[in-house]
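S.K.: The following block contains the structure, expressed as structure tokens.
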Amino acid sequence: MLDYFTHRFNPNNITLVMTILVKNESDIIEANIRTHSNLGVDAFMIMDNNSTDGTREILSKLSKEFDITIIDEKGYYQQKKFMTKLAFLVKKKYKPDWIINSDADEFWIPIDNRNLKEHLKFKGGVVRVDRFNILPLVESIDRDNIFFNSIYEVTNQISYRFLNREDISILLGQASRKVITNPHGLIKINSGNHSAEHIAFWNKKTIKGIRNYHYPIRSYKQFEKRVITRKELLENFPNVKMGDHYRDLVKKYNRGDLREEYMRYIFNKSEIDFLKKIGVVSKNSIPSEVIIR
């Protein structure tokens, strides 16, 4: 960890690597890699956790075009443990200046048409980036990749006081920041890649020049796959740590109510217009213009 103090940082020659933990993300992983490579990511280290939908095959194909290290992890899904492991493997192989700790459904995009590296020309410990949910529209229900056409972001996120209100979409709630980390001095990545522990604890900052655009809800098929993954995890490891939200979704899947639940996350034109009127949602065409698909 003391290598933070000895690591030589050259702001004019930054190495930037992205880590991603994937499980059944065939509808979005190629766009993620192509987009971030175009924005300045030099290499990717991607851990595939027992994908069955073609994700692993897509990664193999892309590895012939991009610098991608693929790690096959057969154990049960443990995001915090796996992302920390990836960070240390990246540090050993690439010795980068910065690591973007990402999910497959997140796109880290500069808002000023600059390269990602242009915003990282400083030696730090942990960089926090604001995250914004992109709202899925009705045409996303049964069509893969159409979700990229949405230009509506949740700009002014709602802080809910009544967390057990099932009539309120969680997509409108607060989306916690995500982190970019300096692997030199890194101690561990925390749950969800929302924070990290670093020896340079005093050297953390939030940068506004990069935004994390989040596509958590896409087609119903993808939504169902994600819930089935959690269902299998709970069946095989009953004591596994899992948020109440996913536990509730598994219960609804078992009751046959999952599609009805999914429809609560989809927005039609009149709903979008109302949310725009009260200032919760705004138009933002940057992600749809930048993402390569």
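Residues in the structure tokens are numbered from 1 in each chain, the chains being A, B, ... in the order shown, and ligands are numbered from 1 in the order shown.
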Could you list, as number ranges by chain, every residue within 12 Å of region 261-272 of chain A, counting only C-alpha atoms and ignoring same-chain residues fewer than 5 positions away?
M.R.: A: 133-142, 147, 150-154, 166-173, 215-224, 226-227, 245-246, 248-253, 255-256, 277-283
S.K.: Excluding region 183-188 of chain A and any residue of its chain fewer than 5 positions from it, enumerate the residues within 10 Å of it, using only C-alpha atoms, and give them as a VMD selection string.
M.R.: chain A and resid 1 to 7 80 to 81 83 to 85 87 to 92 95 to 99 124 to 126 193 195 to 201
S.K.: Generate a file of the selected residues that holds N, CA and C atoms, formatted as a compact mmCIF listing (two decimals), in the first residue's frame.
M.R.:
```txt
# COMPACT_ATOMS: atom_id res chain seq x y z
N MET A 1 0.82 -1.22 0.00
CA MET A 1 0.00 0.00 0.00
C MET A 1 0.86 1.27 0.00
N LEU A 2 2.07 1.17 0.51
CA LEU A 2 2.94 2.34 0.55
C LEU A 2 3.43 2.74 -0.83
N ASP A 3 3.11 1.92 -1.85
CA ASP A 3 3.53 2.27 -3.20
C ASP A 3 2.82 3.52 -3.72
N TYR A 4 1.80 3.97 -3.00
CA TYR A 4 1.16 5.23 -3.37
C TYR A 4 2.19 6.36 -3.36
N PHE A 5 3.10 6.32 -2.42
CA PHE A 5 4.08 7.39 -2.26
C PHE A 5 5.25 7.25 -3.24
N THR A 6 5.50 6.04 -3.71
CA THR A 6 6.63 5.83 -4.61
C THR A 6 6.23 5.78 -6.08
N HIS A 7 4.94 5.59 -6.35
CA HIS A 7 4.49 5.50 -7.74
C HIS A 7 4.67 6.82 -8.46
N LYS A 80 -18.30 -7.11 -3.92
CA LYS A 80 -17.22 -6.42 -3.21
C LYS A 80 -15.93 -7.21 -3.28
N LYS A 81 -16.00 -8.50 -3.02
CA LYS A 81 -14.81 -9.36 -3.04
C LYS A 81 -14.22 -9.43 -4.45
N MET A 83 -14.62 -7.36 -7.08
CA MET A 83 -14.11 -6.10 -7.62
C MET A 83 -12.77 -5.72 -6.98
N THR A 84 -12.61 -6.02 -5.70
CA THR A 84 -11.32 -5.77 -5.06
C THR A 84 -10.25 -6.69 -5.66
N LYS A 85 -10.62 -7.93 -5.89
CA LYS A 85 -9.68 -8.88 -6.52
C LYS A 85 -9.27 -8.38 -7.90
N ALA A 87 -9.20 -5.31 -8.99
CA ALA A 87 -8.34 -4.13 -8.87
C ALA A 87 -6.89 -4.52 -8.63
N PHE A 88 -6.66 -5.50 -7.78
CA PHE A 88 -5.29 -5.91 -7.49
C PHE A 88 -4.66 -6.69 -8.65
N LEU A 89 -5.48 -7.43 -9.39
CA LEU A 89 -4.97 -8.11 -10.57
C LEU A 89 -4.59 -7.10 -11.66
N VAL A 90 -5.40 -6.07 -11.80
CA VAL A 90 -5.11 -5.01 -12.76
C VAL A 90 -3.82 -4.30 -12.38
N LYS A 91 -3.67 -4.01 -11.12
CA LYS A 91 -2.47 -3.32 -10.65
C LYS A 91 -1.22 -4.13 -10.99
N LYS A 92 -1.30 -5.43 -10.80
CA LYS A 92 -0.14 -6.29 -11.06
C LYS A 92 0.17 -6.37 -12.55
N LYS A 95 -0.23 -2.01 -14.09
CA LYS A 95 0.35 -0.91 -13.32
C LYS A 95 -0.25 0.44 -13.72
N PRO A 96 -1.58 0.55 -13.74
CA PRO A 96 -2.21 1.77 -14.22
C PRO A 96 -2.18 2.89 -13.18
N ASP A 97 -2.47 4.08 -13.65
CA ASP A 97 -2.58 5.23 -12.76
C ASP A 97 -3.98 5.29 -12.14
N TRP A 98 -4.98 4.89 -12.92
CA TRP A 98 -6.37 4.92 -12.44
C TRP A 98 -7.11 3.66 -12.91
N ILE A 99 -8.06 3.24 -12.09
CA ILE A 99 -8.96 2.15 -12.45
C ILE A 99 -10.40 2.65 -12.32
N GLY A 124 -4.24 11.18 -7.18
CA GLY A 124 -5.21 11.15 -6.09
C GLY A 124 -5.35 9.75 -5.54
N GLY A 125 -6.32 9.58 -4.65
CA GLY A 125 -6.59 8.27 -4.08
C GLY A 125 -7.88 7.69 -4.63
N VAL A 126 -8.98 8.42 -4.40
CA VAL A 126 -10.29 7.99 -4.84
C VAL A 126 -11.01 9.18 -5.47
N ASN A 193 -19.32 -0.71 -5.64
CA ASN A 193 -18.36 0.25 -6.21
C ASN A 193 -18.73 1.69 -5.88
N SER A 195 -17.82 3.23 -3.05
CA SER A 195 -16.75 3.85 -2.29
C SER A 195 -15.57 2.89 -2.24
N ALA A 196 -14.45 3.39 -1.75
CA ALA A 196 -13.26 2.55 -1.63
C ALA A 196 -12.43 3.05 -0.46
N GLU A 197 -11.69 2.12 0.13
CA GLU A 197 -10.77 2.49 1.20
C GLU A 197 -9.36 2.57 0.61
N HIS A 198 -8.67 3.66 0.94
CA HIS A 198 -7.38 3.95 0.32
C HIS A 198 -6.44 4.53 1.35
N ILE A 199 -5.15 4.24 1.21
CA ILE A 199 -4.19 4.76 2.17
C ILE A 199 -4.15 6.29 2.13
N ALA A 200 -4.39 6.86 0.96
CA ALA A 200 -4.42 8.33 0.83
C ALA A 200 -5.84 8.82 1.13
N PHE A 201 -6.28 8.56 2.35
CA PHE A 201 -7.66 8.86 2.74
C PHE A 201 -7.99 10.35 2.64
```
S.K.: Could you list, as a VMD selection string, every residue within 6 Å of region 19-25 of chain A, counting only C-alpha atoms and ignoring same-chain residues fewer than 6 positions away?
M.R.: chain A and resid 44 to 49 51 53 55 101 to 103
S.K.: Could those residues be written to a file, using C-alpha atoms, as a short mmCIF file (atom, residue, chain, number, x, y, z; two decimals), in the first residue's frame?
M.R.:
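Dumped to again_11.cif:
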```cif
data_model
loop_
_atom_site.label_atom_id
_atom_site.label_comp_id
_atom_site.auth_asym_id
_atom_site.auth_seq_id
_atom_site.Cartn_x
_atom_site.Cartn_y
_atom_site.Cartn_z
CA PHE A 44 -10.22 -3.95 -19.62
CA MET A 45 -10.16 -6.69 -17.03
CA ILE A 46 -13.52 -8.41 -16.99
CA MET A 47 -14.66 -11.15 -14.67
CA ASP A 48 -17.42 -13.36 -16.02
CA ASN A 49 -19.44 -15.06 -13.31
CA SER A 51 -22.88 -16.22 -17.78
CA ASP A 53 -26.65 -15.87 -22.34
CA THR A 55 -21.86 -12.78 -22.69
CA ASN A 101 -14.58 0.24 -11.23
CA SER A 102 -17.68 -0.26 -13.34
CA ASP A 103 -20.83 -2.28 -13.83
#
```
S.K.: Step one, run DSSP on the backbone; step two, keep only residues of region 48-286 of chain A assigned to alpha helix (DSSP H); then write them as a PyMOL selection string.
M.R.: chain A and resi 55-62+79-94+220-236+244-255+258-263+269-277+286
S.K.: Set the distance at 12 Å and use only C-alpha atoms: which residues neighbour region 284-288 of chain A once local chain neighbours fewer than 2 positions away are removed? I'd like the list as a PyMOL selection string.
M.R.: chain A and resi 31-32+35-36+106-113+132-135+145-155+210-215+276+281-282+290-293
S.K.: Figure out the distance between CA of Thr206 (chain A) and CA of Leu116 (chain A), please, to one decimal in Å.
M.R.: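 According to the coordinates, CA of Leu116 (chain A) and CA of Thr206 (chain A) are separated by 14.4 Å.
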S.K.: Could you pull out the strand (DSSP E or B) residues of region 4-245 of chain A from DSSP and send them as JSON, numbers by chain?
M.R.: {"A": [16, 17, 18, 19, 20, 21, 22, 43, 44, 45, 46, 47, 48, 68, 69, 70, 71, 72, 98, 99, 100, 101, 102, 106, 107, 108, 109, 110, 126, 127, 128, 129, 130, 131, 132, 133, 134, 137, 152, 153, 154, 158, 173, 178, 179, 180, 181, 186, 187, 188, 189, 196, 197, 198, 204, 205, 206, 207, 208, 209, 210, 211, 212, 213, 214]}
S.K.: May I ask which of the residues A:Arg8, A:Lys208, A:Lys225, A:Arg128 is the closest one to Ile100 (chain A), counting only C-alpha atoms?
M.R.: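 Among the listed residues, A:Arg128 lies closest to Ile100 (chain A).
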